[in-house]
Amino acid sequence: MRQSKLFSKTTKQLPEGEESKNAQLLIKGGFVNKSSAGVYSILPLGLRVLNKINQVIREEMNAIGGEELLMPSLINKKYWEQSNRWGVDVIYKTSEKRKVESEKDFDYGLGWTHEEVIASIAKHFINSYKDLPKSVYQIQTKFRAEPRAQAGLLRGREFLMKDLYSFHRDEKELNEFYQQVIGAYKKIFDRLCLKARVTEASGGAFTKEYTHEFQVLNHAGEDTVLYCEKCDWAQNKEITSLEHGDQCPKCNAPVKMDRGIEVGNVFRLGTKFASDFNLQYLDANGKKNFVVMGSYGIGPTRLMGTLVEEYHDEKGIIWPEIAAPFRAHAVVLGDSEKVQKEGEKLYKNLSGLLGESEVLFDERSASVGEKLNDADLLGCSVRIVVSEKTLAAKKLEVKKRNESAAQLMTANQLKKLFA
Ligand SMILES: [Zn+2]
């Protein structure tokens with residue numbers, strides 16, 4: 001991809017009141033555009049990052065047997081009424097009528113979760129114990145009323161969500177799958193270079209047991225987490241009376257308290273939605289039972305914001321390689337024909353090695369400072385510079401974004417770097 005052809009450009013202008021680091025850097029780099037508080041457009045550069053995050057999520061969901069589907073955002077109120085959530089939980093409502101005069105006129109809600117829709121779909125396909133267990137997931141836009149949408153992509157009114165739903169014969173089978181999902185989530189966050197702590201939290205309306213959140217300890221987070229550094233114990237402040245310095249209930253070491261970003265959660269739903277929607281199966285003895293369900297979320301757009309909060313410096317973003325918009329950023333410094341020609345050669349070679357879509361080629365006629373500043377802001381993992389200096393040395397200048405020193409390398413050495 002030639003940088004001069006990019007739809008977006010870097011900018012120093014920020015929308016008023018944008019205080020979060022993640023949104024500031026993503027807007028400056030041209031990854032996202034702010035539409036209104038808590039609502040962002042994902043621009044082509046940002047979509048590259050998001051697609052890479054989603055790819056990791058898809059691979060790990062598929063590996064535990066999840067099948068991908070896509071449900072509607074516009075959900076008829078009959079679904080919400082069946083689970084008693086229309087009056088309580090559905091915030092954004094709309095209607096077929098052009099003019100709405102009272103609450104009664106609304107007949108659709110914009111979905112913020114899909115237990116109702118998936119339970120009613122499952123009725124068509126789950127009849128016998130032989131049809132279980134099953135699990136399906138989607139990556140889809142969700143809507144929530146956030147009174148304080150000030151944390152950039154960490155807390156949106158509209159955001160992307162991966163939601164997985166599972167169906168089981170009994171609690172035991174659900175618990176086994178629940179542990180599998182926790183394992184898959186650990187792999188996802190590991191691969192994305194995020195240290196996420198499995199944190200006990202309140203079960204909410206559907207279960208008396210704990211539910212589990214995945215918390216990345218970061219001061220930009222809106223949750224407060226008590227955790228132990230000596231063992232894996234962690235609880236959301238909402239459910240614990242422990243304070244910083246108290247003894248860990250598991251190993252007696254003093255616990256710590258920090259802010260956390262919730263990047264994922266897992267819920268045991270029991271038979272709540274199966275009974276609301278009369279989702280039953282016949283067991284081996286021919287007896288009818290309610291299906292036991294679980295639901296499991298990860299927010300890909302929030303993950304993008306979390307990566308920026310975790311990985312940046314005063315110059316810009318430092319993407320982990322797996323989420324970087326491009327694997328290599330080739331930069332030509334200097335306008336001489338010789339340097340330009342060498343740059344084109346590098347672009348061609350890198351494209352052959354990594355695929356053209358994984359190489360960003362800065363062939364713009366701009367100042368050295370502007371080009372290097374932009375490269376730091378965009379944050380691709382590896383920057384390769386061609387200049388009069390590198391030509392004279394018959395080498396290329398290679399710098400990793402997370403290292404301070406550049407190295408001179410031959411084309412062969414560079415090739416090995418990407419092997
Ligand atoms: Zn401990």
# chains A, B, ... in the order shown; residues from 1 in each chain; ligands from 1

$ closest_atom_pairs --of "chain A" --to "ligand 1" --cutoff "7 Å" --atoms "only C-alpha atoms and all ligand atoms" --output "JSON lines"
{"residue": "A:Cys228", "atom": "CA", "partner": "ligand 1", "partner_atom_place_in_ligand_line": "1 (Zn)", "distance": 4.6}
{"residue": "A:Glu229", "atom": "CA", "partner": "ligand 1", "partner_atom_place_in_ligand_line": "1 (Zn)", "distance": 6.5}
{"residue": "A:Lys230", "atom": "CA", "partner": "ligand 1", "partner_atom_place_in_ligand_line": "1 (Zn)", "distance": 5.0}
{"residue": "A:Cys231", "atom": "CA", "partner": "ligand 1", "partner_atom_place_in_ligand_line": "1 (Zn)", "distance": 4.1}
{"residue": "A:Asp232", "atom": "CA", "partner": "ligand 1", "partner_atom_place_in_ligand_line": "1 (Zn)", "distance": 6.3}
{"residue": "A:Trp233", "atom": "CA", "partner": "ligand 1", "partner_atom_place_in_ligand_line": "1 (Zn)", "distance": 5.5}
{"residue": "A:Cys248", "atom": "CA", "partner": "ligand 1", "partner_atom_place_in_ligand_line": "1 (Zn)", "distance": 4.7}
{"residue": "A:Pro249", "atom": "CA", "partner": "ligand 1", "partner_atom_place_in_ligand_line": "1 (Zn)", "distance": 6.7}
{"residue": "A:Lys250", "atom": "CA", "partner": "ligand 1", "partner_atom_place_in_ligand_line": "1 (Zn)", "distance": 4.9}
{"residue": "A:Cys251", "atom": "CA", "partner": "ligand 1", "partner_atom_place_in_ligand_line": "1 (Zn)", "distance": 4.1}
{"residue": "A:Asn252", "atom": "CA", "partner": "ligand 1", "partner_atom_place_in_ligand_line": "1 (Zn)", "distance": 5.9}
{"residue": "A:Ala253", "atom": "CA", "partner": "ligand 1", "partner_atom_place_in_ligand_line": "1 (Zn)", "distance": 5.5}

$ residues_around --residues "Tyr165 in chain A" --least-positions-apart "2" --cutoff "8 Å" --atoms "only C-alpha atoms" --output "ChimeraX atom specification"
/A:115,118,135-137,163,167,293-296

$ write_last_selection --atoms "all heavy atoms" --output "compact mmCIF listing (two decimals), in the first residue's frame"
# COMPACT_ATOMS: atom_id res chain seq x y z
N GLU A 115 -29.14 -13.07 23.83
CA GLU A 115 -29.62 -14.34 24.41
C GLU A 115 -31.03 -14.67 23.91
O GLU A 115 -31.34 -15.83 23.61
CB GLU A 115 -29.67 -14.24 25.95
CG GLU A 115 -28.33 -14.39 26.64
CD GLU A 115 -27.55 -13.09 26.71
OE1 GLU A 115 -28.08 -12.04 26.27
OE2 GLU A 115 -26.40 -13.12 27.19
N ILE A 118 -30.99 -15.77 20.09
CA ILE A 118 -30.35 -17.08 19.84
C ILE A 118 -31.17 -18.20 20.47
O ILE A 118 -31.27 -19.29 19.90
CB ILE A 118 -28.87 -17.09 20.31
CG1 ILE A 118 -28.12 -18.29 19.70
CG2 ILE A 118 -28.73 -17.11 21.83
CD1 ILE A 118 -27.99 -18.28 18.22
N SER A 135 -22.37 -24.63 20.11
CA SER A 135 -22.00 -23.24 20.42
C SER A 135 -21.86 -22.42 19.14
O SER A 135 -21.37 -22.92 18.12
CB SER A 135 -20.70 -23.18 21.24
OG SER A 135 -19.63 -23.75 20.54
N VAL A 136 -22.35 -21.19 19.20
CA VAL A 136 -22.29 -20.28 18.05
C VAL A 136 -21.83 -18.90 18.53
O VAL A 136 -22.06 -18.54 19.68
CB VAL A 136 -23.64 -20.13 17.33
CG1 VAL A 136 -23.97 -21.36 16.50
CG2 VAL A 136 -24.76 -19.82 18.31
N TYR A 137 -21.19 -18.17 17.63
CA TYR A 137 -20.76 -16.82 18.01
C TYR A 137 -20.92 -15.88 16.84
O TYR A 137 -21.05 -16.30 15.68
CB TYR A 137 -19.31 -16.81 18.50
CG TYR A 137 -18.27 -17.04 17.42
CD1 TYR A 137 -17.63 -15.96 16.79
CD2 TYR A 137 -17.94 -18.33 17.00
CE1 TYR A 137 -16.68 -16.18 15.80
CE2 TYR A 137 -16.99 -18.54 16.02
CZ TYR A 137 -16.36 -17.46 15.42
OH TYR A 137 -15.42 -17.67 14.44
N ASP A 163 -19.81 -12.14 20.65
CA ASP A 163 -20.59 -12.85 21.66
C ASP A 163 -20.81 -14.30 21.25
O ASP A 163 -21.29 -14.59 20.16
CB ASP A 163 -21.91 -12.13 22.02
CG ASP A 163 -22.64 -11.51 20.83
OD1 ASP A 163 -22.00 -11.22 19.80
OD2 ASP A 163 -23.86 -11.31 20.94
N PHE A 167 -24.94 -24.13 24.42
CA PHE A 167 -26.15 -24.88 24.80
C PHE A 167 -25.74 -26.26 25.31
O PHE A 167 -24.98 -26.95 24.62
CB PHE A 167 -27.07 -25.03 23.59
CG PHE A 167 -27.43 -23.72 22.96
CD1 PHE A 167 -26.65 -23.17 21.95
CD2 PHE A 167 -28.54 -23.00 23.39
CE1 PHE A 167 -26.96 -21.94 21.38
CE2 PHE A 167 -28.87 -21.79 22.83
CZ PHE A 167 -28.07 -21.25 21.82
N MET A 293 -27.65 -22.87 29.34
CA MET A 293 -26.91 -21.99 28.42
C MET A 293 -25.78 -21.21 29.10
O MET A 293 -25.77 -21.01 30.31
CB MET A 293 -27.87 -20.95 27.79
CG MET A 293 -28.79 -21.50 26.72
SD MET A 293 -30.02 -20.25 26.16
CE MET A 293 -28.96 -18.98 25.46
N GLY A 294 -24.82 -20.79 28.27
CA GLY A 294 -23.76 -19.89 28.73
C GLY A 294 -23.57 -18.79 27.70
O GLY A 294 -23.93 -18.96 26.52
N SER A 295 -23.08 -17.63 28.12
CA SER A 295 -22.73 -16.59 27.13
C SER A 295 -21.40 -15.96 27.50
O SER A 295 -21.04 -15.89 28.68
CB SER A 295 -23.83 -15.55 26.99
OG SER A 295 -23.85 -14.67 28.09
N TYR A 296 -20.67 -15.53 26.47
CA TYR A 296 -19.25 -15.19 26.65
C TYR A 296 -18.90 -14.03 25.71
O TYR A 296 -19.07 -14.14 24.50
CB TYR A 296 -18.38 -16.41 26.27
CG TYR A 296 -18.94 -17.74 26.76
CD1 TYR A 296 -19.92 -18.42 26.03
CD2 TYR A 296 -18.53 -18.28 27.98
CE1 TYR A 296 -20.45 -19.61 26.47
CE2 TYR A 296 -19.06 -19.48 28.44
CZ TYR A 296 -20.02 -20.15 27.69
OH TYR A 296 -20.57 -21.34 28.13

$ atom_distance --atom1 "CA of Arg268 in chain A" --atom2 "CA of Gln179 in chain A"
11.0 Å

$ residues_around --residues "range 382-391 of chain A" --least-positions-apart "5" --cutoff "8 Å" --atoms "only C-alpha atoms" --output "ChimeraX atom specification"
/A:327-334,339,342-343,375,396-401,408

$ residues_around --residues "range 183-189 of chain A" --least-positions-apart "6" --cutoff "8 Å" --atoms "only C-alpha atoms" --output "ChimeraX atom specification"
/A:56-57,60-61,64,195-196,264
